[in-house]
Every structure is written in C-alpha cells, then in structure tokens.
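To keep things clear, I will list the structure first and then write my remarks on it.
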Amino acid sequence: MVRKWVRAYKDGLTSVHDQERSGRPSISTEDLVQKVDGNVRVHRRITISSLSKEFPEVSRSVLYGIVTEHLNYSKLCSL
C-alpha cells in the first residue's frame with residue numbers, strides 16, 4: 001500500500017482528501033441523521049437491528065454512532 005501511495009505521489013497526486021468515486025452512499029450524513037431521527041420518533045421502540053434493515057447501505061456501527069452521538073439518545077429498545 002505504501003508503494004502505491006509513493007507511486008501516486010510521484011505521479012502528482014498530492015491531495016489527501018477523499019475523491020468522489022462510485023460505490024459511496026449518495027446520502028449525506030446530515031440527511032441520514034434526519035432520516036434516522038424521523039424513524040426513531042415515529043417508532044419509539046425501534047432497535048439498531050430494525051434501523052439496519054431500513055438502511056441496508058449503512059453499517060450498524062455508523063447507525064449506532066448516529067443514534068448515540070449525533071442524536072444523543074441513550075437507550076433504544078433492546079428487543
């Protein structure tokens with residue numbers, strides 16, 4: 001991987017930011033937070049597993065981070 005980075009740097013690639021590429025989710029983080037918040041408010045007894053079924057393109061750890069860090073919910077239903 002380091003050789004690949006060195007080769008890219010020598011070819012003139014000096015940007016350290018991610019570039020747009022196919023396969024990335026087309027939904028922004030803020031839109032995702034709003035959609036997750038809407039689902040939690042509609043279904044008060046929703047679980048992370050239920051959220052992962054509704055948002056299959058997003059990992060469970062990202063959904064958990066959204067619920068706990070962005071939305072500041074401390075508990076969801078444990079069913």
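Letters for chains follow the order of the structure tokens (A, B, ...), residue numbers begin at 1 for each chain, and ligand numbers begin at 1 in the order shown.
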
Got a sec: who's within 9 Å of segment 57-70 of chain A, counting only C-alpha atoms, leaving out chain neighbours fewer than 2 positions off, as a list in words?
-> Pro25, Thr29, Leu32, Val33, Val36, Asp37, Val40, Ile48, Ser49, Leu51, Ser52, Glu54, Phe55, Asn72, Tyr73, Ser74, Lys75 and Leu76 of chain A

Å distance separating atom CA of Glu30 of chain A from atom CA of Arg45 of chain A, one decimal place = 22.7 Å

DSSP on the backbone, then: every residue of chain A marked helix (DSSP H, G or I), written as a PyMOL selection string.
-> chain A and resi 2-10+29-42+48-54+60-70

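Between atom CA of Gln34 of chain A and atom CA of Leu71 of chain A the interatomic distance comes to 9.2 Å.
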
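Here atom CA of Ala8 of chain A stands at a distance of 28.0 Å from atom CA of Ser28 of chain A.
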